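Below is structure-v8.tsv, which holds TSV, C-alpha atoms.
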chain	number	residue	atom	x	y	z
A	22	MET	CA	0.00	0.00	0.00
A	23	GLU	CA	2.85	2.41	0.85
A	24	GLN	CA	4.56	1.67	-2.49
A	25	ALA	CA	1.46	2.70	-4.43
A	26	ASP	CA	1.05	5.94	-2.40
A	27	GLN	CA	4.57	7.18	-3.21
A	28	GLY	CA	3.89	7.72	-6.90
A	29	ALA	CA	0.33	8.96	-6.46
A	30	VAL	CA	-0.47	12.66	-6.92
A	31	ARG	CA	-2.47	14.05	-4.04
A	32	PRO	CA	-5.52	16.03	-5.16
A	33	ASP	CA	-4.62	18.93	-2.84
A	34	SER	CA	-1.04	19.26	-4.14
A	35	ILE	CA	-0.09	22.29	-6.21
A	36	THR	CA	0.46	21.44	-9.84
A	37	GLU	CA	3.12	23.04	-11.98
A	38	VAL	CA	2.09	26.20	-13.83
A	39	GLY	CA	2.28	25.85	-17.59
A	40	GLU	CA	0.65	24.27	-20.59
A	41	ASP	CA	0.85	20.75	-19.13
A	42	ALA	CA	-0.92	21.93	-16.00
A	43	VAL	CA	-3.66	23.63	-18.01
A	44	MET	CA	-4.35	20.48	-20.03
A	45	SER	CA	-4.40	18.25	-16.97
A	46	VAL	CA	-6.80	20.36	-14.89
A	47	ALA	CA	-9.73	18.30	-13.80
A	48	VAL	CA	-12.99	20.01	-13.05
A	49	SER	CA	-13.59	20.13	-9.33
A	50	PRO	CA	-17.02	19.08	-8.13
A	51	SER	CA	-17.46	22.46	-6.37
A	52	VAL	CA	-16.93	24.40	-9.64
A	53	PRO	CA	-20.04	24.85	-11.77
A	54	THR	CA	-19.98	22.60	-14.80
A	55	LEU	CA	-18.67	24.40	-17.86
A	56	THR	CA	-19.29	23.48	-21.43
A	57	GLU	CA	-16.37	22.17	-23.45
A	58	GLU	CA	-16.27	25.49	-25.32
A	59	GLU	CA	-16.15	27.55	-22.05
A	60	GLN	CA	-13.38	25.33	-20.70
A	61	GLU	CA	-11.36	25.82	-23.90
A	62	GLU	CA	-11.84	29.61	-23.71
A	63	LEU	CA	-10.71	29.64	-20.07
A	64	ARG	CA	-7.65	27.51	-20.90
A	65	ASP	CA	-6.73	29.92	-23.71
A	66	GLU	CA	-7.21	32.90	-21.38
A	67	LEU	CA	-5.11	31.21	-18.71
A	68	LEU	CA	-2.28	30.63	-21.20
A	69	ARG	CA	-2.49	34.24	-22.39
A	70	VAL	CA	-2.43	35.65	-18.84
A	71	GLU	CA	0.50	33.39	-17.87
A	72	ASP	CA	2.40	34.59	-20.96
A	73	GLU	CA	1.70	38.19	-19.92
A	74	VAL	CA	2.98	37.48	-16.41
A	75	VAL	CA	6.21	36.02	-17.85
A	76	THR	CA	6.60	39.02	-20.17
A	77	LEU	CA	5.97	41.49	-17.34
A	78	SER	CA	8.50	39.67	-15.14
A	79	GLN	CA	11.09	39.95	-17.92
A	80	VAL	CA	10.33	43.66	-18.43
A	81	LEU	CA	10.57	44.26	-14.67
A	82	ALA	CA	13.94	42.47	-14.50
A	83	ALA	CA	15.22	44.55	-17.43
A	84	LYS	CA	14.02	47.79	-15.77
A	85	GLU	CA	15.63	46.82	-12.46
A	86	LYS	CA	18.92	46.20	-14.30
A	87	GLN	CA	18.56	49.58	-16.04
A	88	VAL	CA	18.00	51.32	-12.69
A	89	ALA	CA	21.07	49.60	-11.22
A	90	ASP	CA	23.20	50.68	-14.22
A	91	ILE	CA	22.02	54.30	-13.99
A	92	LYS	CA	22.67	54.39	-10.23
A	93	ARG	CA	26.14	52.91	-10.77
A	94	LYS	CA	26.91	55.58	-13.42
A	95	LEU	CA	25.69	58.32	-11.06
A	96	GLY	CA	27.81	56.90	-8.22
A	97	ILE	CA	24.80	56.10	-6.10
A	98	THR	CA	25.79	53.21	-3.87
A	99	PRO	CA	23.53	51.24	-1.56
A	100	LEU	CA	25.31	52.92	1.37
A	101	ASN	CA	24.54	56.39	-0.05
A	102	GLU	CA	20.92	55.40	-0.53
A	103	LEU	CA	20.74	54.11	3.04
A	104	LYS	CA	22.22	57.37	4.35
A	105	GLN	CA	19.72	59.40	2.32
A	106	ASN	CA	16.82	57.25	3.53
A	107	ILE	CA	17.93	57.57	7.16
A	108	SER	CA	18.40	61.32	6.79
A	109	LYS	CA	14.98	61.71	5.19
A	110	SER	CA	13.35	59.52	7.84
A	111	TRP	CA	15.03	61.48	10.65
A	112	GLN	CA	13.84	64.74	9.11
A	113	GLU	CA	10.30	63.37	8.91
A	114	VAL	CA	10.49	62.26	12.55
A	115	THR	CA	11.80	65.61	13.82
A	116	THR	CA	9.12	67.54	11.96
A	117	SER	CA	6.30	65.30	13.19
A	118	THR	CA	3.78	66.62	15.68
A	119	ALA	CA	4.44	63.73	18.08
A	120	TYR	CA	8.18	64.46	18.15
A	121	LYS	CA	7.60	68.18	18.74
A	122	LYS	CA	5.14	67.50	21.57
A	123	THR	CA	7.49	64.96	23.16
A	124	SER	CA	10.45	67.31	22.82
A	125	GLU	CA	8.52	70.18	24.39
A	126	GLY	CA	7.32	67.91	27.19
A	127	LEU	CA	10.84	66.73	27.95
A	128	SER	CA	12.11	70.30	27.90
A	129	VAL	CA	9.48	71.39	30.43
A	130	ALA	CA	10.23	68.32	32.57
A	131	GLY	CA	13.95	69.15	32.47
A	132	GLN	CA	13.30	72.74	33.52
A	133	LYS	CA	11.08	71.57	36.39
A	134	ALA	CA	13.68	69.02	37.50
A	135	THR	CA	16.41	71.69	37.43
A	136	ALA	CA	14.24	74.02	39.51
A	137	ALA	CA	13.48	71.22	41.97
A	138	PHE	CA	17.16	70.28	42.38
A	139	THR	CA	18.12	73.93	42.83
A	140	SER	CA	15.41	74.37	45.45
A	141	MET	CA	16.42	71.15	47.20
A	142	GLY	CA	20.09	72.21	47.19
A	143	SER	CA	19.21	75.58	48.71
A	144	ALA	CA	17.07	73.89	51.36
A	145	ILE	CA	19.88	71.48	52.25
A	146	SER	CA	22.38	74.36	52.48
A	147	ARG	CA	20.04	76.29	54.77
A	148	LYS	CA	19.52	73.20	56.91
A	149	PHE	CA	23.29	72.67	57.27
A	150	GLU	CA	23.66	76.33	58.23
A	151	ASP	CA	20.87	75.93	60.80
A	152	VAL	CA	22.54	72.82	62.24
A	153	ARG	CA	25.91	74.59	62.33
A	154	ASN	CA	24.40	77.41	64.41
A	155	THR	CA	22.86	75.12	67.04
A	156	PRO	CA	24.41	75.01	70.52
A	157	THR	CA	24.97	71.26	70.24
A	158	PHE	CA	27.02	71.59	67.06
A	159	LYS	CA	28.98	74.55	68.49
A	160	SER	CA	29.77	72.50	71.58
A	161	PHE	CA	30.85	69.56	69.40
A	162	GLU	CA	32.95	71.91	67.22
A	163	GLU	CA	34.67	73.33	70.32
A	164	LYS	CA	35.46	69.83	71.61
A	165	VAL	CA	36.98	68.84	68.26
A	166	GLU	CA	39.04	72.04	68.24
A	167	THR	CA	40.25	71.32	71.78
A	168	LEU	CA	41.31	67.80	70.84
A	169	LYS	CA	43.07	69.15	67.75
A	170	VAL	CA	45.02	71.69	69.81
A	171	LYS	CA	45.99	69.05	72.38
A	172	ASP	CA	47.16	66.69	69.62
A	173	GLU	CA	49.25	69.43	67.99
A	174	LYS	CA	50.83	70.29	71.34
A	175	ARG	CA	51.67	66.64	72.01
A	176	SER	CA	53.21	66.31	68.53
A	177	GLN	CA	55.42	69.32	69.20
A	178	ASP	CA	56.56	67.96	72.59
A	179	GLU	CA	57.58	64.55	71.17
A	180	PRO	CA	60.70	64.30	68.96
A	181	ASP	CA	59.86	63.35	65.32
A	182	GLY	CA	56.25	62.65	66.32
A	183	ILE	CA	57.21	59.31	67.97
A	184	SER	CA	55.57	58.66	71.32
A	185	GLY	CA	57.71	57.22	73.95
Output the file's structure as structure tokens, nothing else.
Amino acid sequence: MEQADQGAVRPDSITEVGEDAVMSVAVSPSVPTLTEEEQEELRDELLRVEDEVVTLSQVLAAKEKQVADIKRKLGITPLNELKQNISKSWQEVTTSTAYKKTSEGLSVAGQKATAAFTSMGSAISRKFEDVRNTPTFKSFEEKVETLKVKDEKRSQDEPDGISG
């Protein structure tokens, strides 16, 4: 059974396009029954349309070659084209309404952030100044100064700073 299936053509397989395929087309049960004359007209039309497709493909290939030759003569390389496309796309992006709105929004956000950081910095500076003027800090500062003076005096009393 497997041997016989290998050479069989499945009805749902795609047949090769061309004259052989046109002549071997079997009428599907779902297609309305056509007269022999209508079938022959459709086959002729199919052949004509396929010939046109081949001709158009050849013309397109020739035109693509012509474009490539002209670009080569003008010195237009794929890299130059890519650069031009990127440049054009970037220009389109930067002139778009969405880009302008986003840019303006980010600018305003940046200005607000700068103002907030400036304000916060001023507040921190004022707070440090307030702390520095408190009696506790002044007392601490005096104690540190006293220790510093004592340490300097001890260093002067000892030869070469070595304790004995």
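CA of Phe149 (chain A) to CA of Phe161 (chain A) spans 14.6 Å [interatomic distance, one decimal].
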Can you work out the spacing between CA of Glu102 (chain A) and CA of Ala119 (chain A) in Å, to one decimal?
26.2 Å
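Counting from CA of Tyr120 (chain A), the distance to CA of Ala136 (chain A) is 24.2 Å.
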